[in-house]
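model31.cif, holding mmCIF, C-alpha atoms and all ligand atoms; chains and numbers go by the auth columns:
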data_protein
#
loop_
_atom_site.group_PDB
_atom_site.id
_atom_site.type_symbol
_atom_site.label_atom_id
_atom_site.label_comp_id
_atom_site.label_asym_id
_atom_site.label_seq_id
_atom_site.Cartn_x
_atom_site.Cartn_y
_atom_site.Cartn_z
_atom_site.B_iso_or_equiv
_atom_site.auth_seq_id
_atom_site.auth_asym_id
ATOM 1 C CA MET A 1 74.273 140.185 45.367 0.00 1 N
ATOM 2 C CA THR A 2 76.689 137.340 46.132 0.00 2 N
ATOM 3 C CA ILE A 3 80.062 136.971 44.436 0.00 3 N
ATOM 4 C CA GLY A 4 81.217 133.379 44.058 0.00 4 N
ATOM 5 C CA VAL A 5 84.928 132.640 44.228 0.00 5 N
ATOM 6 C CA LEU A 6 85.877 129.509 42.322 0.00 6 N
ATOM 7 C CA ALA A 7 87.647 127.482 45.000 0.00 7 N
ATOM 8 C CA LEU A 8 88.831 124.357 43.202 0.00 8 N
ATOM 9 C CA GLN A 9 92.519 125.276 43.397 0.00 9 N
ATOM 10 C CA GLY A 10 94.826 128.285 43.624 0.00 10 N
ATOM 11 C CA ALA A 11 94.710 131.702 45.315 0.00 11 N
ATOM 12 C CA PHE A 12 90.995 131.863 46.111 0.00 12 N
ATOM 13 C CA ARG A 13 91.325 132.814 49.800 0.00 13 N
ATOM 14 C CA ALA A 14 93.103 136.073 49.002 0.00 14 N
ATOM 15 C CA HIS A 15 90.219 137.061 46.725 0.00 15 N
ATOM 16 C CA ARG A 16 87.773 136.467 49.570 0.00 16 N
ATOM 17 C CA GLU A 17 89.837 138.783 51.781 0.00 17 N
ATOM 18 C CA LYS A 18 89.632 141.535 49.142 0.00 18 N
ATOM 19 C CA LEU A 19 85.868 141.092 48.911 0.00 19 N
ATOM 20 C CA ASP A 20 85.652 141.290 52.716 0.00 20 N
ATOM 21 C CA ALA A 21 87.670 144.509 52.669 0.00 21 N
ATOM 22 C CA LEU A 22 85.185 145.964 50.184 0.00 22 N
ATOM 23 C CA GLY A 23 82.143 144.771 52.137 0.00 23 N
ATOM 24 C CA ALA A 24 80.905 142.471 49.347 0.00 24 N
ATOM 25 C CA SER A 25 79.001 139.314 50.139 0.00 25 N
ATOM 26 C CA HIS A 26 80.758 136.223 48.810 0.00 26 N
ATOM 27 C CA CYS A 27 81.073 132.442 49.041 0.00 27 N
ATOM 28 C CA GLU A 28 83.294 129.658 47.740 0.00 28 N
ATOM 29 C CA VAL A 29 82.202 127.702 44.688 0.00 29 N
ATOM 30 C CA ARG A 30 83.301 124.056 44.598 0.00 30 N
ATOM 31 C CA VAL A 31 80.227 122.205 43.316 0.00 31 N
ATOM 32 C CA PRO A 32 77.265 123.141 41.098 0.00 32 N
ATOM 33 C CA GLY A 33 75.041 123.640 44.181 0.00 33 N
ATOM 34 C CA ASP A 34 77.331 126.476 45.382 0.00 34 N
ATOM 35 C CA PHE A 35 77.309 128.046 41.942 0.00 35 N
ATOM 36 C CA ASP A 36 73.506 128.192 41.780 0.00 36 N
ATOM 37 C CA ARG A 37 73.530 130.740 44.643 0.00 37 N
ATOM 38 C CA VAL A 38 75.914 133.294 43.112 0.00 38 N
ATOM 39 C CA ASP A 39 75.312 136.327 40.905 0.00 39 N
ATOM 40 C CA ALA A 40 78.882 136.738 39.638 0.00 40 N
ATOM 41 C CA LEU A 41 82.090 134.738 39.728 0.00 41 N
ATOM 42 C CA ILE A 42 85.806 135.291 40.329 0.00 42 N
ATOM 43 C CA MET A 43 88.239 132.760 38.850 0.00 43 N
ATOM 44 C CA PRO A 44 91.543 132.940 40.747 0.00 44 N
ATOM 45 C CA GLY A 45 95.148 132.392 39.786 0.00 45 N
ATOM 46 C CA GLY A 46 96.696 128.988 40.229 0.00 46 N
ATOM 47 C CA GLU A 47 97.271 126.385 37.562 0.00 47 N
ATOM 48 C CA SER A 48 94.897 126.587 34.620 0.00 48 N
ATOM 49 C CA THR A 49 95.495 123.005 33.421 0.00 49 N
ATOM 50 C CA THR A 50 94.568 121.630 36.857 0.00 50 N
ATOM 51 C CA MET A 51 91.591 123.971 37.136 0.00 51 N
ATOM 52 C CA SER A 52 90.376 122.879 33.711 0.00 52 N
ATOM 53 C CA MET A 53 90.416 119.227 34.871 0.00 53 N
ATOM 54 C CA LEU A 54 88.716 120.047 38.177 0.00 54 N
ATOM 55 C CA LEU A 55 86.033 122.088 36.411 0.00 55 N
ATOM 56 C CA GLU A 56 85.148 118.956 34.442 0.00 56 N
ATOM 57 C CA SER A 57 85.262 116.500 37.340 0.00 57 N
ATOM 58 C CA SER A 58 83.257 118.785 39.657 0.00 58 N
ATOM 59 C CA GLY A 59 80.513 119.195 37.060 0.00 59 N
ATOM 60 C CA LEU A 60 81.004 122.980 37.097 0.00 60 N
ATOM 61 C CA PHE A 61 82.241 123.503 33.543 0.00 61 N
ATOM 62 C CA GLU A 62 78.876 123.282 31.764 0.00 62 N
ATOM 63 C CA PRO A 63 76.794 125.372 34.213 0.00 63 N
ATOM 64 C CA ILE A 64 79.457 128.107 34.276 0.00 64 N
ATOM 65 C CA HIS A 65 79.661 128.041 30.490 0.00 65 N
ATOM 66 C CA GLU A 66 75.883 128.410 30.173 0.00 66 N
ATOM 67 C CA ARG A 67 75.717 131.351 32.560 0.00 67 N
ATOM 68 C CA LEU A 68 78.657 133.085 30.910 0.00 68 N
ATOM 69 C CA LYS A 69 76.772 132.887 27.627 0.00 69 N
ATOM 70 C CA ALA A 70 73.742 134.371 29.432 0.00 70 N
ATOM 71 C CA GLY A 71 75.828 137.368 30.595 0.00 71 N
ATOM 72 C CA MET A 72 76.880 136.533 34.159 0.00 72 N
ATOM 73 C CA PRO A 73 79.684 138.907 35.262 0.00 73 N
ATOM 74 C CA VAL A 74 83.003 137.172 35.777 0.00 74 N
ATOM 75 C CA PHE A 75 86.531 138.228 36.658 0.00 75 N
ATOM 76 C CA GLY A 76 89.498 135.968 35.913 0.00 76 N
ATOM 77 C CA THR A 77 92.973 136.617 37.300 0.00 77 N
ATOM 78 C CA CYS A 78 96.089 134.967 35.869 0.00 78 N
ATOM 79 C CA ALA A 79 95.084 131.287 35.485 0.00 79 N
ATOM 80 C CA GLY A 80 91.489 132.602 35.643 0.00 80 N
ATOM 81 C CA LEU A 81 92.227 134.798 32.617 0.00 81 N
ATOM 82 C CA ILE A 82 93.498 131.725 30.772 0.00 82 N
ATOM 83 C CA LEU A 83 90.211 129.939 31.559 0.00 83 N
ATOM 84 C CA LEU A 84 88.264 132.828 30.005 0.00 84 N
ATOM 85 C CA ALA A 85 90.374 133.286 26.869 0.00 85 N
ATOM 86 C CA ARG A 86 89.216 132.463 23.350 0.00 86 N
ATOM 87 C CA GLU A 87 92.618 130.991 22.509 0.00 87 N
ATOM 88 C CA ILE A 88 95.320 129.442 24.706 0.00 88 N
ATOM 89 C CA GLN A 89 98.853 129.259 23.364 0.00 89 N
ATOM 90 C CA ASP A 90 101.294 126.773 24.927 0.00 90 N
ATOM 91 C CA GLY A 91 98.402 125.100 26.712 0.00 91 N
ATOM 92 C CA ARG A 92 97.879 121.400 27.203 0.00 92 N
ATOM 93 C CA ASP A 93 95.943 119.643 24.442 0.00 93 N
ATOM 94 C CA ASP A 94 93.136 118.625 26.775 0.00 94 N
ATOM 95 C CA GLN A 95 92.896 122.035 28.467 0.00 95 N
ATOM 96 C CA ARG A 96 89.537 123.753 27.993 0.00 96 N
ATOM 97 C CA SER A 97 88.521 127.382 28.262 0.00 97 N
ATOM 98 C CA PHE A 98 85.208 129.247 28.243 0.00 98 N
ATOM 99 C CA ALA A 99 86.104 131.557 25.317 0.00 99 N
ATOM 100 C CA ALA A 100 84.259 134.408 27.067 0.00 100 N
ATOM 101 C CA LEU A 101 86.980 137.002 26.361 0.00 101 N
ATOM 102 C CA ASP A 102 88.109 137.652 22.815 0.00 102 N
ATOM 103 C CA VAL A 103 91.810 137.415 23.607 0.00 103 N
ATOM 104 C CA ALA A 104 94.630 135.002 22.879 0.00 104 N
ATOM 105 C CA VAL A 105 96.919 134.284 25.824 0.00 105 N
ATOM 106 C CA GLN A 106 100.259 132.573 25.964 0.00 106 N
ATOM 107 C CA ARG A 107 100.690 130.531 29.117 0.00 107 N
ATOM 108 C CA ASN A 108 103.789 131.502 31.110 0.00 108 N
ATOM 109 C CA GLY A 109 104.407 134.162 28.455 0.00 109 N
ATOM 110 C CA TYR A 110 106.471 136.314 30.853 0.00 110 N
ATOM 111 C CA GLY A 111 108.755 133.406 31.691 0.00 111 N
ATOM 112 C CA ARG A 112 108.985 130.900 34.521 0.00 112 N
ATOM 113 C CA GLN A 113 108.518 131.338 38.269 0.00 113 N
ATOM 114 C CA VAL A 114 111.918 133.070 38.633 0.00 114 N
ATOM 115 C CA ALA A 115 110.833 135.696 36.101 0.00 115 N
ATOM 116 C CA SER A 116 107.965 136.796 38.384 0.00 116 N
ATOM 117 C CA PHE A 117 107.869 140.564 38.900 0.00 117 N
ATOM 118 C CA GLU A 118 105.896 143.465 40.338 0.00 118 N
ATOM 119 C CA ASP A 119 104.802 146.684 38.693 0.00 119 N
ATOM 120 C CA HIS A 120 102.763 149.814 39.354 0.00 120 N
ATOM 121 C CA LEU A 121 100.262 150.057 36.529 0.00 121 N
ATOM 122 C CA VAL A 122 98.306 152.932 35.100 0.00 122 N
ATOM 123 C CA VAL A 123 94.731 151.639 34.989 0.00 123 N
ATOM 124 C CA SER A 124 91.965 153.334 33.095 0.00 124 N
ATOM 125 C CA GLY A 125 89.304 154.562 35.545 0.00 125 N
ATOM 126 C CA VAL A 126 91.655 154.389 38.556 0.00 126 N
ATOM 127 C CA GLU A 127 93.389 157.519 39.792 0.00 127 N
ATOM 128 C CA GLN A 128 96.445 156.047 41.478 0.00 128 N
ATOM 129 C CA ARG A 129 98.887 153.571 40.015 0.00 129 N
ATOM 130 C CA VAL A 130 97.976 150.011 40.951 0.00 130 N
ATOM 131 C CA HIS A 131 100.517 147.695 42.559 0.00 131 N
ATOM 132 C CA SER A 132 100.450 144.453 40.599 0.00 132 N
ATOM 133 C CA VAL A 133 102.131 141.090 41.047 0.00 133 N
ATOM 134 C CA PHE A 134 102.920 138.881 38.042 0.00 134 N
ATOM 135 C CA ILE A 135 103.634 135.184 38.782 0.00 135 N
ATOM 136 C CA ARG A 136 104.165 132.823 35.822 0.00 136 N
ATOM 137 C CA ALA A 137 101.747 135.177 34.177 0.00 137 N
ATOM 138 C CA PRO A 138 100.024 134.625 30.841 0.00 138 N
ATOM 139 C CA ARG A 139 100.873 137.155 28.146 0.00 139 N
ATOM 140 C CA ILE A 140 97.923 138.558 26.241 0.00 140 N
ATOM 141 C CA THR A 141 99.083 138.248 22.628 0.00 141 N
ATOM 142 C CA SER A 142 96.007 139.511 20.810 0.00 142 N
ATOM 143 C CA VAL A 143 92.831 141.375 21.697 0.00 143 N
ATOM 144 C CA GLY A 144 89.605 141.402 19.684 0.00 144 N
ATOM 145 C CA GLU A 145 87.771 144.558 18.654 0.00 145 N
ATOM 146 C CA ASP A 146 85.043 144.266 21.297 0.00 146 N
ATOM 147 C CA CYS A 147 87.515 143.946 24.131 0.00 147 N
ATOM 148 C CA ASP A 148 88.749 147.088 25.947 0.00 148 N
ATOM 149 C CA VAL A 149 92.298 147.275 27.250 0.00 149 N
ATOM 150 C CA LEU A 150 92.275 148.924 30.718 0.00 150 N
ATOM 151 C CA ALA A 151 95.990 148.563 31.509 0.00 151 N
ATOM 152 C CA ARG A 152 99.255 147.750 29.780 0.00 152 N
ATOM 153 C CA ASP A 153 102.635 146.579 31.060 0.00 153 N
ATOM 154 C CA HIS A 154 106.019 148.289 30.576 0.00 154 N
ATOM 155 C CA ARG A 155 106.240 146.807 27.052 0.00 155 N
ATOM 156 C CA SER A 156 102.788 148.105 26.258 0.00 156 N
ATOM 157 C CA ASP A 157 101.251 144.630 26.168 0.00 157 N
ATOM 158 C CA PRO A 158 97.679 144.468 27.515 0.00 158 N
ATOM 159 C CA VAL A 159 97.428 143.119 31.072 0.00 159 N
ATOM 160 C CA LEU A 160 93.864 144.061 32.079 0.00 160 N
ATOM 161 C CA VAL A 161 90.954 143.711 29.650 0.00 161 N
ATOM 162 C CA ARG A 162 87.190 143.961 29.775 0.00 162 N
ATOM 163 C CA GLN A 163 84.521 142.829 27.363 0.00 163 N
ATOM 164 C CA GLY A 164 81.012 143.642 28.554 0.00 164 N
ATOM 165 C CA THR A 165 80.663 142.031 31.975 0.00 165 N
ATOM 166 C CA VAL A 166 83.753 139.849 31.594 0.00 166 N
ATOM 167 C CA MET A 167 87.040 141.125 32.993 0.00 167 N
ATOM 168 C CA GLY A 168 90.441 139.453 33.016 0.00 168 N
ATOM 169 C CA CYS A 169 93.955 140.338 34.095 0.00 169 N
ATOM 170 C CA ALA A 170 97.352 138.704 33.735 0.00 170 N
ATOM 171 C CA PHE A 171 98.455 139.656 37.262 0.00 171 N
ATOM 172 C CA HIS A 172 97.276 138.907 40.827 0.00 172 N
ATOM 173 C CA PRO A 173 95.314 141.894 42.179 0.00 173 N
ATOM 174 C CA GLU A 174 94.393 139.776 45.216 0.00 174 N
ATOM 175 C CA LEU A 175 98.053 139.582 46.310 0.00 175 N
ATOM 176 C CA SER A 176 98.777 143.304 46.609 0.00 176 N
ATOM 177 C CA GLU A 177 97.551 145.865 49.129 0.00 177 N
ATOM 178 C CA ASP A 178 95.392 147.514 46.514 0.00 178 N
ATOM 179 C CA THR A 179 91.638 146.992 46.257 0.00 179 N
ATOM 180 C CA ALA A 180 91.209 149.121 43.107 0.00 180 N
ATOM 181 C CA ILE A 181 90.880 146.252 40.616 0.00 181 N
ATOM 182 C CA HIS A 182 88.320 144.365 42.704 0.00 182 N
ATOM 183 C CA ARG A 183 86.437 147.619 43.097 0.00 183 N
ATOM 184 C CA LEU A 184 86.387 148.030 39.293 0.00 184 N
ATOM 185 C CA PHE A 185 84.872 144.578 38.974 0.00 185 N
ATOM 186 C CA LEU A 186 82.271 145.186 41.686 0.00 186 N
ATOM 187 C CA GLU A 187 81.268 148.412 39.963 0.00 187 N
ATOM 188 C CA SER A 188 80.651 146.556 36.716 0.00 188 N
ATOM 189 C CA VAL A 189 78.639 143.903 38.587 0.00 189 N
ATOM 190 C CA ALA A 190 76.452 146.558 40.214 0.00 190 N
HETATM 191 N N1 LIG B . 101.041 129.643 34.550 0.00 201 N
HETATM 192 C C1 LIG B . 99.827 129.319 35.223 0.00 201 N
HETATM 193 C C2 LIG B . 98.875 128.539 34.334 0.00 201 N
HETATM 194 O O1 LIG B . 99.156 128.262 33.235 0.00 201 N
HETATM 195 C C3 LIG B . 99.138 130.556 35.721 0.00 201 N
HETATM 196 C C4 LIG B . 99.952 131.199 36.813 0.00 201 N
HETATM 197 C C5 LIG B . 99.165 131.907 37.874 0.00 201 N
HETATM 198 O O2 LIG B . 97.930 131.843 37.934 0.00 201 N
HETATM 199 N N2 LIG B . 99.878 132.559 38.741 0.00 201 N
HETATM 200 O O3 LIG B . 97.829 128.208 34.760 0.00 201 N
#

Whole structure given in structure tokens:
Amino acid sequence: MTIGVLALQGAFRAHREKLDALGASHCEVRVPGDFDRVDALIMPGGESTTMSMLLESSGLFEPIHERLKAGMPVFGTCAGLILLAREIQDGRDDQRSFAALDVAVQRNGYGRQVASFEDHLVVSGVEQRVHSVFIRAPRITSVGEDCDVLARDHRSDPVLVRQGTVMGCAFHPELSEDTAIHRLFLESVA
């Protein structure tokens, strides 16, 4: 079982470190040939508009889309969540998403870079509170019936959701000490 980490842009190295810490086999995905070798995919935080463009120019958008429809497990964090969402609010007109999670997200919905914050979240299925870092995070503004909410922020807005084998969160679990969220994903992959 190899986890691919989409490495077009953004915080992909930190995800690889988490996977190392958990003893999972992983590789970077930059071109379709890399993607063919992976069983699941992590989409990191970064800038979703740039990632959307790079997904097109690298030829990765269509193969990823096909495998998502076929049930490949995927985990999107922050910008990665935006790429998975059914609806993007305050996005760029030419920005595409895979519509693999039945959520609407508002880009930068918690405010700009200066409004970045940290929290300790109660996460369903995890005993201890999970340290979480929010950086220009998307706000999840609606969640479809088939999508489970695994954690909420201090205002009770959803911040971690799962629909079948697709998981997404508004924060950066790769930037805290915690490995709990990556472990949750690996459990669902197994
Ligand atoms: N605001 C960014 C975007 O729209 C996401 C921020 C992040 O991934 N930290 O893509």

- the PyMOL selection byres (((not hetatm)) within 10 of (chain N and resi 201)) resolved against shown file, as number ranges by chain: N: 10-11, 43-52, 76-83, 88-92, 105-113, 116, 133-139, 170-172

Got time to write the residues from that selection, C-alpha atoms, as an mmCIF file, keeping the file's coordinate frame?
data_model
loop_
_atom_site.group_PDB
_atom_site.id
_atom_site.type_symbol
_atom_site.label_atom_id
_atom_site.label_comp_id
_atom_site.auth_asym_id
_atom_site.auth_seq_id
_atom_site.Cartn_x
_atom_site.Cartn_y
_atom_site.Cartn_z
ATOM 1 C CA GLY N 10 94.826 128.285 43.624
ATOM 2 C CA ALA N 11 94.710 131.702 45.315
ATOM 3 C CA MET N 43 88.239 132.760 38.850
ATOM 4 C CA PRO N 44 91.543 132.940 40.747
ATOM 5 C CA GLY N 45 95.148 132.392 39.786
ATOM 6 C CA GLY N 46 96.696 128.988 40.229
ATOM 7 C CA GLU N 47 97.271 126.385 37.562
ATOM 8 C CA SER N 48 94.897 126.587 34.620
ATOM 9 C CA THR N 49 95.495 123.005 33.421
ATOM 10 C CA THR N 50 94.568 121.630 36.857
ATOM 11 C CA MET N 51 91.591 123.971 37.136
ATOM 12 C CA SER N 52 90.376 122.879 33.711
ATOM 13 C CA GLY N 76 89.498 135.968 35.913
ATOM 14 C CA THR N 77 92.973 136.617 37.300
ATOM 15 C CA CYS N 78 96.089 134.967 35.869
ATOM 16 C CA ALA N 79 95.084 131.287 35.485
ATOM 17 C CA GLY N 80 91.489 132.602 35.643
ATOM 18 C CA LEU N 81 92.227 134.798 32.617
ATOM 19 C CA ILE N 82 93.498 131.725 30.772
ATOM 20 C CA LEU N 83 90.211 129.939 31.559
ATOM 21 C CA ILE N 88 95.320 129.442 24.706
ATOM 22 C CA GLN N 89 98.853 129.259 23.364
ATOM 23 C CA ASP N 90 101.294 126.773 24.927
ATOM 24 C CA GLY N 91 98.402 125.100 26.712
ATOM 25 C CA ARG N 92 97.879 121.400 27.203
ATOM 26 C CA VAL N 105 96.919 134.284 25.824
ATOM 27 C CA GLN N 106 100.259 132.573 25.964
ATOM 28 C CA ARG N 107 100.690 130.531 29.117
ATOM 29 C CA ASN N 108 103.789 131.502 31.110
ATOM 30 C CA GLY N 109 104.407 134.162 28.455
ATOM 31 C CA TYR N 110 106.471 136.314 30.853
ATOM 32 C CA GLY N 111 108.755 133.406 31.691
ATOM 33 C CA ARG N 112 108.985 130.900 34.521
ATOM 34 C CA GLN N 113 108.518 131.338 38.269
ATOM 35 C CA SER N 116 107.965 136.796 38.384
ATOM 36 C CA VAL N 133 102.131 141.090 41.047
ATOM 37 C CA PHE N 134 102.920 138.881 38.042
ATOM 38 C CA ILE N 135 103.634 135.184 38.782
ATOM 39 C CA ARG N 136 104.165 132.823 35.822
ATOM 40 C CA ALA N 137 101.747 135.177 34.177
ATOM 41 C CA PRO N 138 100.024 134.625 30.841
ATOM 42 C CA ARG N 139 100.873 137.155 28.146
ATOM 43 C CA ALA N 170 97.352 138.704 33.735
ATOM 44 C CA PHE N 171 98.455 139.656 37.262
ATOM 45 C CA HIS N 172 97.276 138.907 40.827
#

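Of the listed residues (N:Leu19, N:Ala14, N:Val5, N:Val189), N:Val5 comes nearest to N:Val31; the distances count only C-alpha atoms.
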
- Item | Evaluate the PyMOL selection byres (((chain N and resi 186) around 12) and not hetatm) and report residues as a count of residues only | 31

- Message: As an exercise, work out the distance from atom CA of N:Ile140 to atom CA of N:His120 in Å and give it to one decimal place.
- Response: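 Calculated distance between atom CA of N:Ile140 and atom CA of N:His120 is 17.9 Å.
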
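If you look at atom CA of N:Leu160 and atom CA of N:Glu87, they are 16.2 Å away from each other.
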
- Query: Which is closer to N:Pro63 than all the others in N:Val114, N:Val38, N:Leu150, N:Cys27, using all atoms listed in the file?
  - Reply: N:Val38

- To one decimal in Å, tell me the separation between atom CA of N:Asp36 and atom CA of N:Arg67.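 Rounded to one decimal, the two atoms are 10.0 Å apart.
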
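If all atoms listed in the file are the atoms counted, then among N:Arg13, N:Arg162, N:Lys69, N:Arg86 the closest residue to N:Val149 is N:Arg162.
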
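In this comparison, which uses all atoms listed in the file, the residue of N:His65, N:Cys169, N:Asp148, N:Leu101 approaching N:Leu121 most closely is N:Cys169.
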
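Among the candidates N:Gly71, N:Asp34, N:Asp153, N:Ser176, the one nearest to N:Gly59 when counting only C-alpha atoms is N:Asp34.
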
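The protein and nucleic acid residues lying at most 8 Å from N:Asp178 are Val130, His131 and Pro173 of chain N, with all atoms listed in the file considered and sequence neighbours fewer than 5 positions away removed.
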